[in-house]
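Below: the structure, in structure tokens.
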2 protein chains.
Amino acid sequence: MPRPQNGGPIRGVRGSRPSGKVTIEHVAEKAGVSIATVSRVLNGIDKKVSGETIERVRSVIAEMGYRPTRVGRALRRLESHLVGMLIPDTTNAFYAAIAHSVESALRADSTAMILCNTAENPAVQDAYLEEMEGHLARGIALLGAVPSPGLERLVAAATPLVFINRKPPMAGGGPFVGIDNYAAGREIGQHFVERNYQRCAVIHGPSGSSASRERFEGFRDGLAAAGVRLDDRGVHEAALTMSAGYSAAVELLDRQPLPRAIFCGNDLIAYGVHRRCREVNLRVPADVALFGFDDNPLNEWLAPWLSTVHVPYDQFGPATQRVFQRLWDAKPGIRQHQELLPYRLVFRSSA
Amino acid sequence: MPRPQNGGPIRGVRGSRPSGKVTIEHVAEKAGVSIATVSRVLNGIDKKVSGETIERVRSVIAEMGYRPTRVGRALRRLESHLVGMLIPDTTNAFYAAIAHSVESALRADSTAMILCNTAENPAVQDAYLEEMEGHLARGIALLGAVPSPGLERLVAAATPLVFINRKPPMAGGGPFVGIDNYAAGREIGQHFVERNYQRCAVIHGPSGSSASRERFEGFRDGLAAAGVRLDDRGVHEAALTMSAGYSAAVELLDRQPLPRAIFCGNDLIAYGVHRRCREVNLRVPADVALFGFDDNPLNEWLAPWLSTVHVPYDQFGPATQRVFQRLWDAKPGIRQHQELLPYRLVFRSSA
DNA sequence: CTGAAAGCGCTTACAG
DNA sequence: CTGAAAGCGCTTACAG
């Protein structure tokens, strides 16, 4: 029998401690059982262990303050209890609220969520996807996915993926959790018609995003259904930020005739437009009506006057959890599933 | 020699794929070398491998699209490349900006950051600390730590911890990255004296937070140095949120005589106070002057009029990275180190 | 009900 | 310059 030559760790967080980390082996020794038995107690395979043994092992665990190392289990099972959550912009309070909802829902299922900020950048997205894969994540939630090679690869590999708010940017990407953006956009178009707004304009989000595209298309079709046409010069594309909204408004409000009403791809864009309106002394809604989207949690503080579409961010977490569960249970057809959440137009003073 | 009986994974993300994950063993086989050699190439131990072999292994890696599994390495080294970042409130844009800065700085060092939202809750903080420990994190950054048993334990275990913005809530907790809150508070006090504001009030943050406490104490001492005393009834404590600031203002502005100026523990509190001022028709700064803290990134959009203290959130990432590096290099004395960043009072119209 | 043993995917001291 | 082997901390099929 060859003697152990090496294999011990060289350094590390715990390497610096003289005592070292307490492992399952220490517990087993102290309790006078095998590590298999400790493991069974840990995993609640109680029917296979006598009550007395369970008691003894439990008390040793408590006494030693033993906590199993996640990494050991993950490697053995080739699956960790981690779920990666990719979000395009952590400073967007709407996204932060969704992330928080997902985190709570997963935690109740003893799954830990890791938050990753992709900044809408495919390379960063791929870096995080690979990261999560390397940690043997049991799933990945993509809020606002962008097309990328790494995402293609994961889709092909049938990794449990859930697309939130924005549909998968490729065919057969996976299940979707979100609202019917087209229908909501259409309702806004109808509302603009009812209000009899002449010269409507729109500042929509990135057309790479299904959510932005569908909001815009719904809006356009809502107008068209009443015979109102949208002038191409009144259609702008902007990033989903206040400053992008502001910049778009600088351009849009510099030309005559001014639009009578503007549909903004999200609330942040609307905030930016509103600032520009004040700068050039345009009253909202008397001179220009504004409609946003998302019902950003900041509205209450930043823009209690903004008419918008309330997207139920609190429901995203439970819905995402349900979809993951079906993915993990390998329910057939789940990869094509769409979990459509209710939305609701909120009419405040701006439109 | 016993035959292999088991050990194969039962299920998992990759278990569902017929092909399975490509491991270091597949690469070794295809390249006609041992897994040790592949590992050396992977880890850039180039001086120990011939150029020709490196080439061959590299091309096989590329061809097969092999990416090493993080978990394997982490378990072997008893250290992952993960750093946990605990933050008290993801929806606070100031915290989000710091988290983003830390993430960028660590990523440049090929360390991945995991964002965890503690909600200022000790139990949640402990759950995340344990989580990070289980993933063999190489370090943990705590933005706004609260006292908790788990934190005590990690401090005792000499885990690499960095305390950001708020000092460790126990003695010898670890290095600190932030500004001199006391000095900044004091300058605000002096400014109030110079402006000759009578009847100053303060709505400070949680007194469990060193940052909040020092801001308040500095402010009080700044007034006291000029012989101005702070009436106890003008001192309120509030959570660091808009709604808590609003509630405090409801109380504070309900009593006569009204305060002439209010120092708010952070900008969000100031936003809440400002809303209340509008509701009761108090002009800012004519009737009530307001001073905030942090220079929240939202100021530009939400409150371009707010006088505040600019805290250089962009510098927090690089500073945190430097401190971690010294912790990892086991530099002596680093656990007592304080990395003090520059701050600057920003005088806008509110005070 | 319990244990000995294999093995998850890596890294590295040792021996050539 | 390279490989065989040990081992990181777990889980679990198999044998009792």
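Chain labels run A, B, ... following the order of the structure tokens; each chain numbers its residues from 1, and ligands are numbered from 1 in the order shown.
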Residue hits in chain A, query chain B, radius 6 Å, only C-alpha atoms, as a PyMOL selection string: chain A and resi 9+12-13+69-71+77-79+91+93+96+114-115+134-135+138+159
Contacts between chain B and chain D, please, where a residue of chain D counts if it comes within 6 Å (with only C-alpha atoms (C1' of nucleotides)); show its shortest atom pair and distance in Å to one decimal, rows by chain and ascending number, as a Markdown table.
| residue | atom | partner | partner_atom | distance |
| --- | --- | --- | --- | --- |
| D:DC1 | C1' | B:Val49 | CA | 5.7 |
| D:DC8 | C1' | B:Arg76 | CA | 4.2 |
| D:DA13 | C1' | B:Asn6 | CA | 5.6 |
Once you have the residues from the selection above, write them out as a PDB file, in the first residue's frame, restricted to N, CA, C and O atoms (P, O5', C5', C4', C3', O3' and C1' of nucleotides).
ATOM      1  P    DC D   1      11.305  22.166 -20.094  1.00  0.00           P
ATOM      2  O5'  DC D   1      10.860  20.658 -20.227  1.00  0.00           O
ATOM      3  C5'  DC D   1      10.469  20.184 -21.509  1.00  0.00           C
ATOM      4  C4'  DC D   1       9.945  18.810 -21.301  1.00  0.00           C
ATOM      5  C3'  DC D   1       8.430  18.745 -21.065  1.00  0.00           C
ATOM      6  O3'  DC D   1       7.918  17.727 -21.938  1.00  0.00           O
ATOM      7  C1'  DC D   1       9.566  17.593 -19.341  1.00  0.00           C
ATOM      8  P    DC D   8      -7.696  14.604   2.135  1.00  0.00           P
ATOM      9  O5'  DC D   8      -8.458  15.978   1.934  1.00  0.00           O
ATOM     10  C5'  DC D   8      -7.780  17.163   1.575  1.00  0.00           C
ATOM     11  C4'  DC D   8      -8.706  18.019   0.743  1.00  0.00           C
ATOM     12  C3'  DC D   8     -10.171  17.854   1.120  1.00  0.00           C
ATOM     13  O3'  DC D   8     -10.497  18.868   2.080  1.00  0.00           O
ATOM     14  C1'  DC D   8      -9.849  17.784  -1.264  1.00  0.00           C
ATOM     15  P    DA D  13     -27.826   5.061  -5.043  1.00  0.00           P
ATOM     16  O5'  DA D  13     -27.330   3.709  -5.731  1.00  0.00           O
ATOM     17  C5'  DA D  13     -26.334   3.765  -6.742  1.00  0.00           C
ATOM     18  C4'  DA D  13     -25.423   2.554  -6.632  1.00  0.00           C
ATOM     19  C3'  DA D  13     -26.165   1.226  -6.486  1.00  0.00           C
ATOM     20  O3'  DA D  13     -25.408   0.234  -7.161  1.00  0.00           O
ATOM     21  C1'  DA D  13     -24.847   1.611  -4.552  1.00  0.00           C
TER      22       DA D  13
END
Strand (DSSP E) per DSSP on the backbone: members of region 89-267 of chain A, as a ChimeraX atom specification: /A:112-117,139-143,161-164,176-178,200-204,235-237,261-264
Expected answer as JSON, numbers by chain: alpha helix (DSSP H) residues in region 13-251 of chain B: {"B": [24, 25, 26, 27, 28, 29, 30, 31, 35, 36, 37, 38, 39, 40, 41, 42, 51, 52, 53, 54, 55, 56, 57, 58, 59, 60, 61, 62, 63, 64, 70, 71, 72, 73, 74, 75, 76, 77, 93, 94, 95, 96, 97, 98, 99, 100, 101, 102, 103, 104, 105, 106, 107, 122, 123, 124, 125, 126, 127, 128, 129, 130, 131, 132, 133, 134, 149, 150, 151, 152, 153, 154, 155, 156, 181, 182, 183, 184, 185, 186, 187, 188, 189, 190, 191, 192, 193, 194, 210, 211, 212, 213, 214, 215, 216, 217, 218, 219, 220, 221, 222, 223, 224, 242, 243, 244, 245, 246, 247, 248, 249, 250, 251]}
Atom pair CA of Ala183 (chain B) / CA of Arg229 (chain B): separation (Å):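 CA of Arg229 (chain B) lies at a distance of 18.1 Å from CA of Ala183 (chain B).
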A:Val323, A:Ala351, A:Ala123, A:Ala249 ranked by distance to Ala105 (chain A), top pick (using only C-alpha atoms):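 Checking each candidate against Ala105 (chain A), we get A:Val323 as the closest.
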Distance query His236 (chain A) at most 9 Å, only C-alpha atoms (C1' of nucleotides), self and fewer than 5 positions along chain excluded, as a ChimeraX atom specification: /A:201-205,248,252
